[in-house]
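Note sheet for the following structure.
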Amino acid sequence: MAFFGRTLEEYAQFFALEVAALKGKSVLDVAAGPASFTSELCKRGVDAVAVDPLYGCRSEALEQHVQIDYRAMFSQMRAKPELFRFRFFESFDEAEESRRTAAQRFLADYAAHFVHNRYVGGALPQLPFLDRAFDVVLCAHFLFVYAKQFDLPFHVEACRELVRVSRDDVRIHPLVGTGGRRYAHLKELRATLAADGITSEIVKVDYEVFAGATEMLVLRRAVA
Ligand SMILES: C[S@@+](CC[C@H](N)C(=O)[O-])C[C@H]1O[C@@H](n2cnc3c(N)ncnc32)[C@H](O)[C@@H]1O
């Protein structure tokens with residue numbers, strides 16, 4: 001799985017977030033990779049934490065992951081232009097520049113703030129946080145993108161875990177894999193979560209980079 005990340009600007013778009021409204025809230029980014037979302041939010045005074053299985057590695061090791069994975073990702077993307085849409089970015093060059101900027105911001109912040117618990121090592125389906133520890137919990141470009149690696153029971157457990165650590169809402173994006181098809185077990189997943197007292201809503205977002213990735217899933221406890 002690629003260690004690949006995006007900026008706050010991109011997150012705000014695919015999660016339909018009003019960044020100013022996050023002030024005073026606590027935010028968790030799950031499967032955060034080398035995204036600069038957390039570092040940029042913290043710079044704006046928002047209480048944000050990121051979690052990823054690779055956190056805990058030395059920053060030099062993460063920089064190597066970035067170098068190798070970014071080269072591979074952009075060569076794969078350029079080889080299959082039919083899988084992408086240029087609405088948010090105008091070109092692959094623009095996307096590459098933005099995502100390399102995200103990784104540089106992340107690497108600088110990680111080196112300075114890993115020891116302050118801004119970056120926490122952990123993996124779904126078990127996160128190292130207390131129940132309702134964060135107001136808003138986000139998970140981007142992980143769960144349904146890698147649907148072939150993870151089965152429905154994993155997705156159910158992962159969604160329950162995201163809700164467990166949230167006080168308010170959980171947002172997951174996208175609902176499609178790189179082929180542009182919606183996650184095949186979405187209906188079953190939502191029915192299982194509903195039986196557990198978790199409501200889910202599919203919300204359109206004004207964003208598309210992977211073809212068809214124009215929605216997010218919002219989860220909430222039915223009874224607060
Ligand atoms: C493609 S990156 C997404 C980064 C970021 N969320 C974004 O949208 O820019 C996927 C990340 O998922 C992480 N990952 C892999 N297995 C995981 C797991 N079981 N739980 C949480 N994160 C995981 C990887 O280390 C990788 O950094």
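Ligands are numbered from 1 in the order shown, residues from 1 within each chain, and chains are lettered A, B, ... in the order they appear in the structure tokens.
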Requested in this report: Give as a PyMOL selection string the residues surrounding ligand 1 up to a distance of 10 Å, considering only C-alpha atoms and all ligand atoms.
Outcome: chain A and resi 1-8+10-11+14+29-37+50-55+62+65-66+69+73+99+102-103+121-127+138-143+145-146+149-150+154+158+172-174
Requested in this report: Can you list, as number ranges by chain, all residues belonging to range 16-195 of chain A that DSSP tags as strand (DSSP E or B)?
Outcome: A: 26-30, 47-52, 55, 57, 84, 119-121, 123, 126, 134-140, 166-173, 176, 182
Kindly save the residues from that selection, with N, CA and C atoms included, as a short mmCIF file (atom, residue, chain, number, x, y, z; two decimals), in the first residue's frame.
data_model
loop_
_atom_site.label_atom_id
_atom_site.label_comp_id
_atom_site.auth_asym_id
_atom_site.auth_seq_id
_atom_site.Cartn_x
_atom_site.Cartn_y
_atom_site.Cartn_z
N SER A 26 -11.57 18.63 18.19
CA SER A 26 -10.43 17.74 18.03
C SER A 26 -10.68 16.86 16.81
N VAL A 27 -9.62 16.65 16.02
CA VAL A 27 -9.75 15.96 14.74
C VAL A 27 -8.73 14.82 14.67
N LEU A 28 -9.18 13.67 14.21
CA LEU A 28 -8.27 12.53 14.01
C LEU A 28 -8.26 12.15 12.54
N ASP A 29 -7.06 12.05 11.94
CA ASP A 29 -6.90 11.57 10.56
C ASP A 29 -6.34 10.15 10.63
N VAL A 30 -7.15 9.19 10.18
CA VAL A 30 -6.77 7.77 10.24
C VAL A 30 -6.24 7.31 8.88
N ASP A 47 -6.77 21.28 17.15
CA ASP A 47 -6.20 20.15 17.86
C ASP A 47 -6.34 18.91 16.98
N ALA A 48 -5.27 18.57 16.22
CA ALA A 48 -5.37 17.45 15.27
C ALA A 48 -4.28 16.42 15.53
N VAL A 49 -4.66 15.15 15.31
CA VAL A 49 -3.75 14.01 15.51
C VAL A 49 -3.87 13.13 14.27
N ALA A 50 -2.75 12.50 13.88
CA ALA A 50 -2.77 11.57 12.74
C ALA A 50 -2.31 10.20 13.20
N VAL A 51 -2.88 9.16 12.61
CA VAL A 51 -2.48 7.80 12.97
C VAL A 51 -2.23 7.00 11.69
N ASP A 52 -1.16 6.21 11.70
CA ASP A 52 -0.80 5.39 10.54
C ASP A 52 0.12 4.28 11.06
N TYR A 55 3.88 5.20 11.37
CA TYR A 55 4.40 6.19 12.32
C TYR A 55 5.09 5.44 13.45
N CYS A 57 8.37 4.88 12.74
CA CYS A 57 9.62 4.76 11.98
C CYS A 57 10.36 6.09 12.06
N PHE A 84 -8.50 8.93 -14.37
CA PHE A 84 -8.48 10.19 -13.61
C PHE A 84 -9.31 11.27 -14.27
N TYR A 119 1.68 12.44 15.93
CA TYR A 119 1.69 11.33 14.97
C TYR A 119 1.80 10.03 15.77
N VAL A 120 0.76 9.20 15.67
CA VAL A 120 0.67 8.02 16.53
C VAL A 120 0.68 6.77 15.65
N GLY A 121 1.49 5.78 16.03
CA GLY A 121 1.51 4.51 15.30
C GLY A 121 0.26 3.71 15.65
N ALA A 123 -3.11 0.95 13.67
CA ALA A 123 -3.74 0.43 12.45
C ALA A 123 -5.16 0.00 12.71
N GLN A 126 -8.00 -1.64 14.98
CA GLN A 126 -7.92 -1.32 16.42
C GLN A 126 -7.06 -0.08 16.61
N PHE A 134 -12.23 11.93 19.94
CA PHE A 134 -12.13 13.03 18.95
C PHE A 134 -13.53 13.45 18.48
N ASP A 135 -13.67 14.76 18.23
CA ASP A 135 -14.96 15.23 17.70
C ASP A 135 -15.19 14.68 16.28
N VAL A 136 -14.17 14.86 15.45
CA VAL A 136 -14.31 14.50 14.03
C VAL A 136 -13.24 13.47 13.68
N VAL A 137 -13.65 12.39 13.02
CA VAL A 137 -12.70 11.33 12.63
C VAL A 137 -12.79 11.15 11.12
N LEU A 138 -11.63 11.18 10.46
CA LEU A 138 -11.59 11.13 8.99
C LEU A 138 -10.73 9.96 8.54
N CYS A 139 -11.10 9.38 7.43
CA CYS A 139 -10.29 8.29 6.88
C CYS A 139 -10.34 8.38 5.35
N ALA A 140 -9.22 8.76 4.75
CA ALA A 140 -9.21 9.00 3.29
C ALA A 140 -8.29 8.04 2.56
N SER A 166 -14.99 8.40 17.94
CA SER A 166 -15.52 9.73 17.57
C SER A 166 -16.66 10.15 18.49
N ARG A 167 -16.76 11.47 18.69
CA ARG A 167 -17.89 12.02 19.45
C ARG A 167 -18.99 12.49 18.51
N ASP A 168 -18.59 12.91 17.31
CA ASP A 168 -19.56 13.50 16.41
C ASP A 168 -19.65 12.67 15.13
N ASP A 169 -19.02 13.11 14.04
CA ASP A 169 -19.16 12.28 12.84
C ASP A 169 -17.84 11.73 12.33
N VAL A 170 -17.99 10.65 11.55
CA VAL A 170 -16.87 9.99 10.88
C VAL A 170 -17.09 10.19 9.39
N ARG A 171 -16.04 10.59 8.70
CA ARG A 171 -16.17 10.75 7.24
C ARG A 171 -15.15 9.86 6.54
N ILE A 172 -15.62 9.13 5.54
CA ILE A 172 -14.76 8.20 4.80
C ILE A 172 -14.86 8.56 3.31
N HIS A 173 -13.72 8.67 2.66
CA HIS A 173 -13.70 9.00 1.22
C HIS A 173 -12.53 8.24 0.59
N VAL A 176 -15.15 4.49 -3.90
CA VAL A 176 -14.78 3.68 -5.08
C VAL A 176 -13.31 3.28 -4.99
N ARG A 182 -18.03 1.62 -7.34
CA ARG A 182 -18.37 1.71 -5.92
C ARG A 182 -18.07 0.39 -5.21
#
**Report entry** Distance query Thr214 in chain A at most 7 Å, only C-alpha atoms, self and fewer than 5 positions along chain excluded, as a ChimeraX atom specification
**Finding:** /A:204-208
Requested in this report: May I have all residues of range 100-154 of chain A that DSSP, computed from the backbone, assigns to helix (DSSP H, G or I), given as a ChimeraX atom specification?
Outcome: /A:100-116,152-154
